[in-house]
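Here is target11.cif, consisting of mmCIF, C-alpha atoms and all ligand atoms:
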```cif
data_coords
loop_
_atom_site.label_atom_id
_atom_site.label_comp_id
_atom_site.auth_asym_id
_atom_site.auth_seq_id
_atom_site.Cartn_x
_atom_site.Cartn_y
_atom_site.Cartn_z
CA MET A 127 -15.13 37.30 3.80
CA THR A 128 -16.62 33.94 4.63
CA GLN A 129 -15.57 30.91 2.62
CA ASP A 130 -18.19 29.76 0.14
CA SER A 131 -18.34 25.99 0.56
CA THR A 132 -18.97 25.50 -3.17
CA THR A 133 -15.46 26.77 -3.90
CA ILE A 134 -13.74 24.15 -1.80
CA GLY A 135 -11.84 21.60 -3.84
CA ARG A 136 -12.27 17.85 -3.46
CA LEU A 137 -9.64 15.57 -2.00
CA TYR A 138 -9.30 12.28 -3.86
CA GLY A 139 -7.48 9.40 -2.18
CA VAL A 140 -6.46 7.43 -5.24
CA GLY A 141 -5.20 3.85 -5.23
CA VAL A 142 -2.86 3.41 -8.20
CA GLY A 143 -2.37 -0.35 -7.91
CA PRO A 144 0.78 -2.42 -7.28
CA GLY A 145 2.97 -1.25 -10.18
CA ASP A 146 1.55 -2.08 -13.61
CA PRO A 147 -0.01 1.17 -14.92
CA GLU A 148 -2.68 -0.93 -16.65
CA LEU A 149 -3.95 -1.99 -13.23
CA LEU A 150 -5.19 1.54 -12.58
CA THR A 151 -9.00 1.81 -12.52
CA LEU A 152 -10.74 4.07 -15.04
CA LYS A 153 -12.03 6.09 -12.11
CA ALA A 154 -8.49 6.59 -10.78
CA LEU A 155 -7.24 7.63 -14.21
CA LYS A 156 -10.04 10.19 -14.58
CA ALA A 157 -9.42 11.69 -11.14
CA ILE A 158 -5.65 11.87 -11.67
CA GLN A 159 -5.93 13.56 -15.06
CA ALA A 160 -8.54 16.07 -13.90
CA ALA A 161 -6.84 17.22 -10.67
CA PRO A 162 -4.68 20.36 -10.88
CA VAL A 163 -2.69 19.13 -7.87
CA ILE A 164 -1.15 15.68 -7.43
CA CYS A 165 0.11 14.93 -3.92
CA VAL A 166 2.53 12.04 -3.44
CA PRO A 167 4.14 10.46 -0.41
CA GLN A 168 7.85 9.82 -0.87
CA ALA A 169 10.07 7.95 1.56
CA VAL A 170 13.20 10.09 2.07
CA ASN A 171 15.43 7.11 1.30
CA ARG A 172 13.94 6.72 -2.20
CA ARG A 173 14.75 8.77 -5.27
CA GLU A 174 11.21 8.87 -6.60
CA SER A 175 7.72 8.27 -5.32
CA TYR A 176 6.68 4.74 -6.31
CA ALA A 177 3.04 5.81 -6.71
CA LEU A 178 4.04 8.70 -8.99
CA SER A 179 6.26 6.47 -11.12
CA ILE A 180 3.24 4.21 -11.77
CA VAL A 181 1.14 7.05 -13.24
CA LYS A 182 3.88 9.19 -14.81
CA ASP A 183 2.72 8.54 -18.39
CA TYR A 184 -0.83 9.61 -17.54
CA LEU A 185 0.01 13.01 -16.06
CA LYS A 186 -0.95 16.24 -17.80
CA PRO A 187 1.36 19.23 -18.30
CA LYS A 188 0.99 21.99 -15.70
CA GLN A 189 -0.20 19.72 -12.88
CA GLU A 190 1.40 20.73 -9.60
CA ILE A 191 3.27 17.84 -7.92
CA LEU A 192 3.15 18.29 -4.17
CA ARG A 193 5.64 15.92 -2.50
CA ALA A 194 5.47 14.78 1.11
CA PRO A 195 8.96 13.40 1.86
CA PHE A 196 8.52 11.30 5.00
CA PRO A 197 11.18 9.57 7.14
CA THR A 198 10.65 5.81 7.54
CA ASP A 199 12.48 5.46 10.87
CA ASP A 200 11.18 8.43 12.85
CA ALA A 201 7.51 8.30 13.86
CA GLU A 202 7.48 11.85 15.27
CA GLY A 203 9.19 13.29 12.22
CA ALA A 204 6.71 11.46 10.00
CA ALA A 205 3.74 12.78 12.04
CA GLN A 206 5.05 16.32 11.47
CA VAL A 207 5.33 15.64 7.72
CA TRP A 208 1.70 14.47 7.59
CA ARG A 209 0.55 17.56 9.53
CA GLU A 210 2.39 19.79 7.06
CA ALA A 211 1.19 17.80 4.05
CA SER A 212 -2.42 18.02 5.29
CA GLY A 213 -1.97 21.79 5.70
CA SER A 214 -0.59 22.14 2.14
CA VAL A 215 -3.46 20.04 0.76
CA VAL A 216 -6.02 22.15 2.62
CA GLU A 217 -4.45 25.37 1.24
CA ARG A 218 -5.13 24.08 -2.30
CA LEU A 219 -8.64 22.84 -1.43
CA ARG A 220 -9.53 26.24 0.04
CA ILE A 221 -8.74 27.97 -3.24
CA GLY A 222 -11.01 25.54 -5.07
CA GLN A 223 -8.38 23.15 -6.42
CA ASP A 224 -8.99 19.41 -6.39
CA VAL A 225 -6.11 17.37 -5.01
CA ALA A 226 -5.41 13.74 -5.94
CA PHE A 227 -3.35 12.02 -3.25
CA LEU A 228 -1.74 8.97 -4.83
CA THR A 229 -1.11 5.79 -2.97
CA GLU A 230 0.36 2.51 -4.22
CA GLY A 231 -2.04 -0.40 -4.06
CA ASP A 232 -5.19 0.50 -2.17
CA PRO A 233 -5.49 3.73 -0.12
CA MET A 234 -7.18 2.03 2.84
CA LEU A 235 -4.61 -0.71 3.45
CA PHE A 236 -1.34 0.25 5.18
CA SER A 237 -1.33 3.56 3.37
CA THR A 238 0.02 7.00 4.21
CA PHE A 239 -3.27 8.35 2.86
CA SER A 240 -4.88 7.55 6.23
CA TYR A 241 -2.75 10.24 7.91
CA VAL A 242 -3.58 12.89 5.33
CA LEU A 243 -7.25 11.90 5.42
CA ALA A 244 -7.33 12.45 9.20
CA GLY A 245 -5.35 15.72 8.92
CA VAL A 246 -7.61 17.17 6.22
CA GLN A 247 -10.78 16.11 8.05
CA GLU A 248 -9.49 17.92 11.14
CA LEU A 249 -8.30 21.10 9.40
CA CYS A 250 -11.16 21.41 6.91
CA PRO A 251 -14.12 19.24 7.91
CA GLU A 252 -16.22 20.74 5.13
CA ALA A 253 -13.90 19.50 2.36
CA PRO A 254 -15.51 16.85 0.15
CA ILE A 255 -13.48 13.65 0.06
CA GLU A 256 -13.65 10.74 -2.33
CA ILE A 257 -11.62 7.57 -1.93
CA ILE A 258 -10.97 5.51 -5.06
CA PRO A 259 -9.95 1.94 -4.25
CA GLY A 260 -6.97 0.40 -5.99
CA VAL A 261 -5.74 -3.12 -6.73
CA SER A 262 -3.85 -4.03 -3.59
CA SER A 263 -0.50 -5.83 -3.77
CA VAL A 264 -2.18 -8.61 -1.78
CA MET A 265 -4.70 -9.29 -4.54
CA ALA A 266 -2.11 -8.89 -7.29
CA ALA A 267 0.29 -11.29 -5.53
CA ALA A 268 -2.43 -13.94 -5.25
CA ALA A 269 -3.14 -13.53 -8.96
CA SER A 270 0.52 -13.72 -10.03
CA SER A 271 1.34 -16.70 -7.84
CA GLY A 272 -1.91 -18.56 -8.49
CA VAL A 273 -2.39 -19.01 -4.73
CA PRO A 274 -6.03 -18.37 -3.78
CA LEU A 275 -6.34 -16.22 -0.65
CA ALA A 276 -9.55 -17.77 0.64
CA THR A 277 -12.29 -20.02 -0.62
CA HIS A 278 -15.70 -20.65 0.87
CA GLY A 279 -15.66 -20.48 4.68
CA GLN A 280 -11.91 -19.90 4.94
CA ARG A 281 -10.23 -17.17 6.93
CA LEU A 282 -7.62 -14.67 5.76
CA ALA A 283 -5.27 -12.51 7.88
CA ILE A 284 -3.06 -9.68 6.67
CA LEU A 285 -0.22 -8.78 9.04
CA PRO A 286 2.35 -5.98 8.95
CA ALA A 287 6.06 -6.45 9.67
CA ALA A 288 5.67 -6.46 13.45
CA TYR A 289 5.33 -10.15 14.20
CA GLY A 290 7.39 -12.89 15.74
CA LEU A 291 7.27 -16.65 16.12
CA ASP A 292 4.34 -16.54 18.57
CA ASP A 293 2.27 -14.22 16.37
CA LEU A 294 3.01 -16.30 13.33
CA SER A 295 2.16 -19.52 15.13
CA LYS A 296 -1.15 -18.09 16.38
CA ALA A 297 -2.04 -16.56 13.03
CA THR A 298 -1.34 -19.73 11.05
CA SER A 299 -3.28 -21.80 13.59
CA ASN A 300 -6.29 -19.49 13.27
CA PHE A 301 -6.28 -18.53 9.60
CA ASP A 302 -6.17 -20.56 6.39
CA THR A 303 -4.03 -17.92 4.72
CA VAL A 304 -1.75 -15.33 6.30
CA VAL A 305 -0.25 -12.55 4.18
CA LEU A 306 2.88 -11.01 5.65
CA MET A 307 3.51 -7.51 4.30
CA LYS A 308 6.58 -5.25 4.77
CA VAL A 309 8.48 -8.48 5.17
CA SER A 310 11.89 -7.63 3.72
CA PRO A 311 13.70 -6.13 6.77
CA ASN A 312 12.85 -9.23 8.84
CA ILE A 313 13.00 -11.87 6.15
CA VAL A 314 15.81 -13.96 7.67
CA LYS A 315 14.02 -14.24 11.02
CA THR A 316 10.67 -14.83 9.33
CA LEU A 317 12.06 -17.64 7.19
CA ALA A 318 13.58 -19.23 10.30
CA ASP A 319 10.21 -18.94 12.09
CA LEU A 320 8.38 -20.50 9.12
CA GLU A 321 10.90 -23.35 9.12
CA GLU A 322 10.39 -23.89 12.84
CA LEU A 323 6.62 -24.00 12.34
CA GLY A 324 6.95 -26.45 9.44
CA LEU A 325 5.40 -23.92 7.05
CA THR A 326 8.23 -23.38 4.58
CA GLY A 327 6.62 -25.62 1.98
CA GLN A 328 3.34 -23.71 2.30
CA SER A 329 4.82 -20.25 1.74
CA THR A 330 5.20 -18.15 -1.39
CA TYR A 331 7.33 -15.01 -1.73
CA VAL A 332 6.22 -12.35 -4.23
CA ARG A 333 8.43 -9.41 -5.13
CA ARG A 334 7.49 -6.31 -7.20
CA VAL A 335 4.28 -7.91 -8.36
CA SER A 336 2.89 -6.79 -11.74
CA THR A 337 6.14 -5.06 -12.79
CA ASP A 338 8.98 -6.21 -15.04
CA ARG A 339 10.93 -6.97 -11.84
CA GLU A 340 8.26 -9.34 -10.55
CA LYS A 341 9.51 -12.59 -9.03
CA VAL A 342 7.40 -15.35 -7.50
CA ILE A 343 9.37 -17.81 -5.36
CA LYS A 344 7.54 -20.94 -4.25
CA ASP A 345 10.58 -22.57 -2.66
CA VAL A 346 11.23 -19.84 -0.08
CA THR A 347 14.44 -21.53 1.14
CA SER A 348 15.97 -20.40 -2.16
CA ILE A 349 15.38 -16.67 -1.56
CA LYS A 350 18.65 -14.79 -2.14
CA ASP A 351 19.79 -11.31 -1.14
CA GLU A 352 19.12 -9.98 -4.64
CA ASP A 353 15.49 -11.16 -4.39
CA LEU A 354 14.85 -8.97 -1.36
CA ASP A 355 12.93 -5.78 -1.85
CA TYR A 356 10.74 -3.46 0.22
CA PHE A 357 7.97 -4.18 -2.31
CA SER A 358 7.59 -7.83 -1.40
CA LEU A 359 5.30 -10.02 0.65
CA LEU A 360 4.79 -13.62 1.75
CA ILE A 361 1.60 -15.65 1.36
CA VAL A 362 1.58 -18.41 3.96
CA LYS A 363 -0.98 -21.20 3.98
CA GLY A 364 -1.91 -21.95 7.58
CA ASN A 365 -3.08 -25.12 9.32
CA PRO A 366 -6.18 -23.94 11.17
CA THR A 367 -8.30 -26.45 13.01
CA GLY A 368 -12.02 -26.29 12.39
CA SER A 369 -11.93 -24.20 9.22
CA LYS A 370 -14.15 -25.17 6.32
CA GLU A 371 -12.70 -26.18 2.94
C1 LIG B 1 3.00 0.61 3.06
S1 LIG B 1 2.44 -0.95 2.45
C2 LIG B 1 1.36 -0.43 1.18
C3 LIG B 1 0.30 -1.44 0.82
C4 LIG B 1 -0.59 -0.94 -0.30
N1 LIG B 1 -1.46 0.11 0.14
C5 LIG B 1 -1.41 -2.07 -0.96
O1 LIG B 1 -2.65 -2.02 -0.93
O2 LIG B 1 -0.78 -2.98 -1.51
C6 LIG B 1 3.86 -1.47 1.59
C7 LIG B 1 3.94 -2.99 1.52
O3 LIG B 1 3.03 -3.47 0.55
C8 LIG B 1 3.57 -4.58 -0.14
N2 LIG B 1 3.69 -4.22 -1.57
C9 LIG B 1 3.36 -3.04 -2.13
N3 LIG B 1 3.56 -3.09 -3.47
C10 LIG B 1 4.02 -4.33 -3.75
C11 LIG B 1 4.39 -5.00 -4.94
N4 LIG B 1 4.34 -4.39 -6.13
N5 LIG B 1 4.79 -6.30 -4.86
C12 LIG B 1 4.82 -6.94 -3.66
N6 LIG B 1 4.50 -6.35 -2.50
C13 LIG B 1 4.09 -5.06 -2.53
C14 LIG B 1 4.94 -4.86 0.49
O4 LIG B 1 4.76 -5.82 1.51
C15 LIG B 1 5.30 -3.51 1.05
O5 LIG B 1 6.24 -3.61 2.09
#
```
Turn this file's structure into structure tokens for me.
Ligand SMILES: C[S@@+](CC[C@H](N)C(=O)[O-])C[C@H]1O[C@@H](n2cnc3c(N)ncnc32)[C@H](O)[C@@H]1O
Amino acid sequence: MTQDSTTIGRLYGVGVGPGDPELLTLKALKAIQAAPVICVPQAVNRRESYALSIVKDYLKPKQEILRAPFPTDDAEGAAQVWREASGSVVERLRIGQDVAFLTEGDPMLFSTFSYVLAGVQELCPEAPIEIIPGVSSVMAAAASSGVPLATHGQRLAILPAAYGLDDLSKATSNFDTVVLMKVSPNIVKTLADLEELGLTGQSTYVRRVSTDREKVIKDVTSIKDEDLDYFSLLIVKGNPTGSKE
């Protein structure tokens, strides 16, 4: 029997925001509550999926929770997890079930959703896909700290953990604002680099933004071990030449 394309479910890539359940969009809420299957990424070293914990009070009884437990230190192992997760998602789509894949913040910024999106597009190109943007931690951190990311004519860069003194020096010479994400494993080195570049006084650390564990630290030299968290970032004001105020 050939598959009738009208019976294929829809994959939703849903951004659930940085932590406060009230930062979910109405569109995200609707998609989450209507989907029979909720798929969540879950780092193996964490007890619960952060994205799922954000929406737990909005879930309906009888929704299937499909977990994709991925290793954080093994790229090949993680690739295998995303292949399997894409396969499991496609199985549900092919029987007509919609699947909402939850992602903290926004699904198109440093998100595991990208891997599942690619996997589903490859395995089932006919599956309809809808991506619902979420409030990114970058935007929420700017709001909580009161540090504007960019004003007229200014430039903004968002960098992942893989940077060093040279990268940081180049980025802060070229951009008015540099957001450093996934900063916690390298925080000691990063703080030393910021000090060397004379940028300590222009940096703000934001942890667990929008949650009851939120902390905004403007004097980054005072960051202590207990302030460190995977869910943290730095907003660094650069010194670019030739940028417009
Ligand atoms: C895999 S990325 C996910 C980014 C996410 N898609 C977004 O749009 O915010 C994880 C990184 O995002 C940042 N992050 C996510 N949630 C955060 C929060 N509530 N507070 C501060 N930083 C957060 C941290 O830098 C963390 O290491």
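Taking atom N1 of ligand LIG 1 (chain B) as the reference point, atom CA of Arg281 of chain A is found at 20.5 Å.
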Please list as an mmCIF file with C-alpha atoms, in the coordinates of the input every residue within 7 Å of segment 195-205 of chain A, counting all atoms listed in the file and excluding residues in the same chain fewer than 3 positions away.
```cif
data_model
loop_
_atom_site.group_PDB
_atom_site.id
_atom_site.type_symbol
_atom_site.label_atom_id
_atom_site.label_comp_id
_atom_site.auth_asym_id
_atom_site.auth_seq_id
_atom_site.Cartn_x
_atom_site.Cartn_y
_atom_site.Cartn_z
ATOM 1 C CA PRO A 167 4.140 10.460 -0.410
ATOM 2 C CA GLN A 168 7.850 9.820 -0.870
ATOM 3 C CA ALA A 169 10.070 7.950 1.560
ATOM 4 C CA VAL A 170 13.200 10.090 2.070
ATOM 5 C CA TRP A 208 1.700 14.470 7.590
ATOM 6 C CA ARG A 209 0.550 17.560 9.530
#
```
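For the set A:Ala269, A:Val246, A:Val332, A:Leu282, the residue with the smallest atom-to-atom gap to ligand LIG 1 (chain B) is A:Val332, counting only C-alpha atoms and all ligand atoms.
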Name the residues, by chain letter and number, that sit within 7 Å of ligand LIG 1 (chain B) using only C-alpha atoms and all ligand atoms, and give them as a PDB file with C-alpha atoms, in the frame of the given file.
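Just written: part00.pdb:
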```pdb
ATOM      1  CA  PRO A 144       0.780  -2.420  -7.280  1.00  0.00           C
ATOM      2  CA  GLY A 145       2.970  -1.250 -10.180  1.00  0.00           C
ATOM      3  CA  THR A 229      -1.110   5.790  -2.970  1.00  0.00           C
ATOM      4  CA  GLU A 230       0.360   2.510  -4.220  1.00  0.00           C
ATOM      5  CA  GLY A 231      -2.040  -0.400  -4.060  1.00  0.00           C
ATOM      6  CA  ASP A 232      -5.190   0.500  -2.170  1.00  0.00           C
ATOM      7  CA  PRO A 233      -5.490   3.730  -0.120  1.00  0.00           C
ATOM      8  CA  MET A 234      -7.180   2.030   2.840  1.00  0.00           C
ATOM      9  CA  LEU A 235      -4.610  -0.710   3.450  1.00  0.00           C
ATOM     10  CA  PHE A 236      -1.340   0.250   5.180  1.00  0.00           C
ATOM     11  CA  SER A 237      -1.330   3.560   3.370  1.00  0.00           C
ATOM     12  CA  VAL A 261      -5.740  -3.120  -6.730  1.00  0.00           C
ATOM     13  CA  SER A 262      -3.850  -4.030  -3.590  1.00  0.00           C
ATOM     14  CA  SER A 263      -0.500  -5.830  -3.770  1.00  0.00           C
ATOM     15  CA  VAL A 264      -2.180  -8.610  -1.780  1.00  0.00           C
ATOM     16  CA  ALA A 267       0.290 -11.290  -5.530  1.00  0.00           C
ATOM     17  CA  LEU A 306       2.880 -11.010   5.650  1.00  0.00           C
ATOM     18  CA  MET A 307       3.510  -7.510   4.300  1.00  0.00           C
ATOM     19  CA  LYS A 308       6.580  -5.250   4.770  1.00  0.00           C
ATOM     20  CA  VAL A 309       8.480  -8.480   5.170  1.00  0.00           C
ATOM     21  CA  VAL A 332       6.220 -12.350  -4.230  1.00  0.00           C
ATOM     22  CA  ARG A 333       8.430  -9.410  -5.130  1.00  0.00           C
ATOM     23  CA  ARG A 334       7.490  -6.310  -7.200  1.00  0.00           C
ATOM     24  CA  VAL A 335       4.280  -7.910  -8.360  1.00  0.00           C
ATOM     25  CA  SER A 336       2.890  -6.790 -11.740  1.00  0.00           C
ATOM     26  CA  THR A 337       6.140  -5.060 -12.790  1.00  0.00           C
ATOM     27  CA  TYR A 356      10.740  -3.460   0.220  1.00  0.00           C
ATOM     28  CA  PHE A 357       7.970  -4.180  -2.310  1.00  0.00           C
ATOM     29  CA  SER A 358       7.590  -7.830  -1.400  1.00  0.00           C
ATOM     30  CA  LEU A 359       5.300 -10.020   0.650  1.00  0.00           C
TER      31      LEU A 359
END
```
Which is closest to Pro254 of chain A among A:Lys153, A:Arg136, A:Lys188, A:Arg172, if we use only C-alpha atoms? A:Arg136
Please, what distance in Å, to one decimal, runs between atom CA of Asp183 of chain A and atom CA of Gly272 of chain A? 29.2 Å
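If you measure from each of A:Glu174, A:Asp293, A:Asp224, A:Glu256 to Thr316 of chain A using all atoms listed in the file, the closest one turns out to be A:Asp293.
Taking only C-alpha atoms into account, the residues near (2.8, 24.4, -8.4), no farther than 12 Å, are Pro162, Val163, Ile164, Cys165, Pro187, Lys188, Gln189, Glu190, Ile191, Leu192, Arg193, Ser214, Val215, Arg218, Gln223 and Val225 of chain A.
Shell of Lys363 of chain A at 7 Å, with all atoms listed in the file counted and residues fewer than 3 places along the chain excluded, is Asp302, Thr303, Val304, Gln328 and Ser329 of chain A.
The coordinates place atom CA of Leu354 of chain A at 8.3 Å from atom CA of Ile313 of chain A.
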Which one of A:Ile221, A:Cys250, A:Ala157, A:Val305 sits closest to Ala268 of chain A if you count only C-alpha atoms? A:Val305
List as a PyMOL selection string the residues having at least one atom at most 12 Å from position (-7.9, 17.2, 11.8) as given in the file, counting only C-alpha atoms. chain A and resi 208-213+216+240-253
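Of the residues under consideration (A:Thr298, A:Glu217, A:Asp146, A:Gly279), A:Asp146 shows the shortest atom-to-atom contact distance to Arg339 of chain A when counting all atoms listed in the file.
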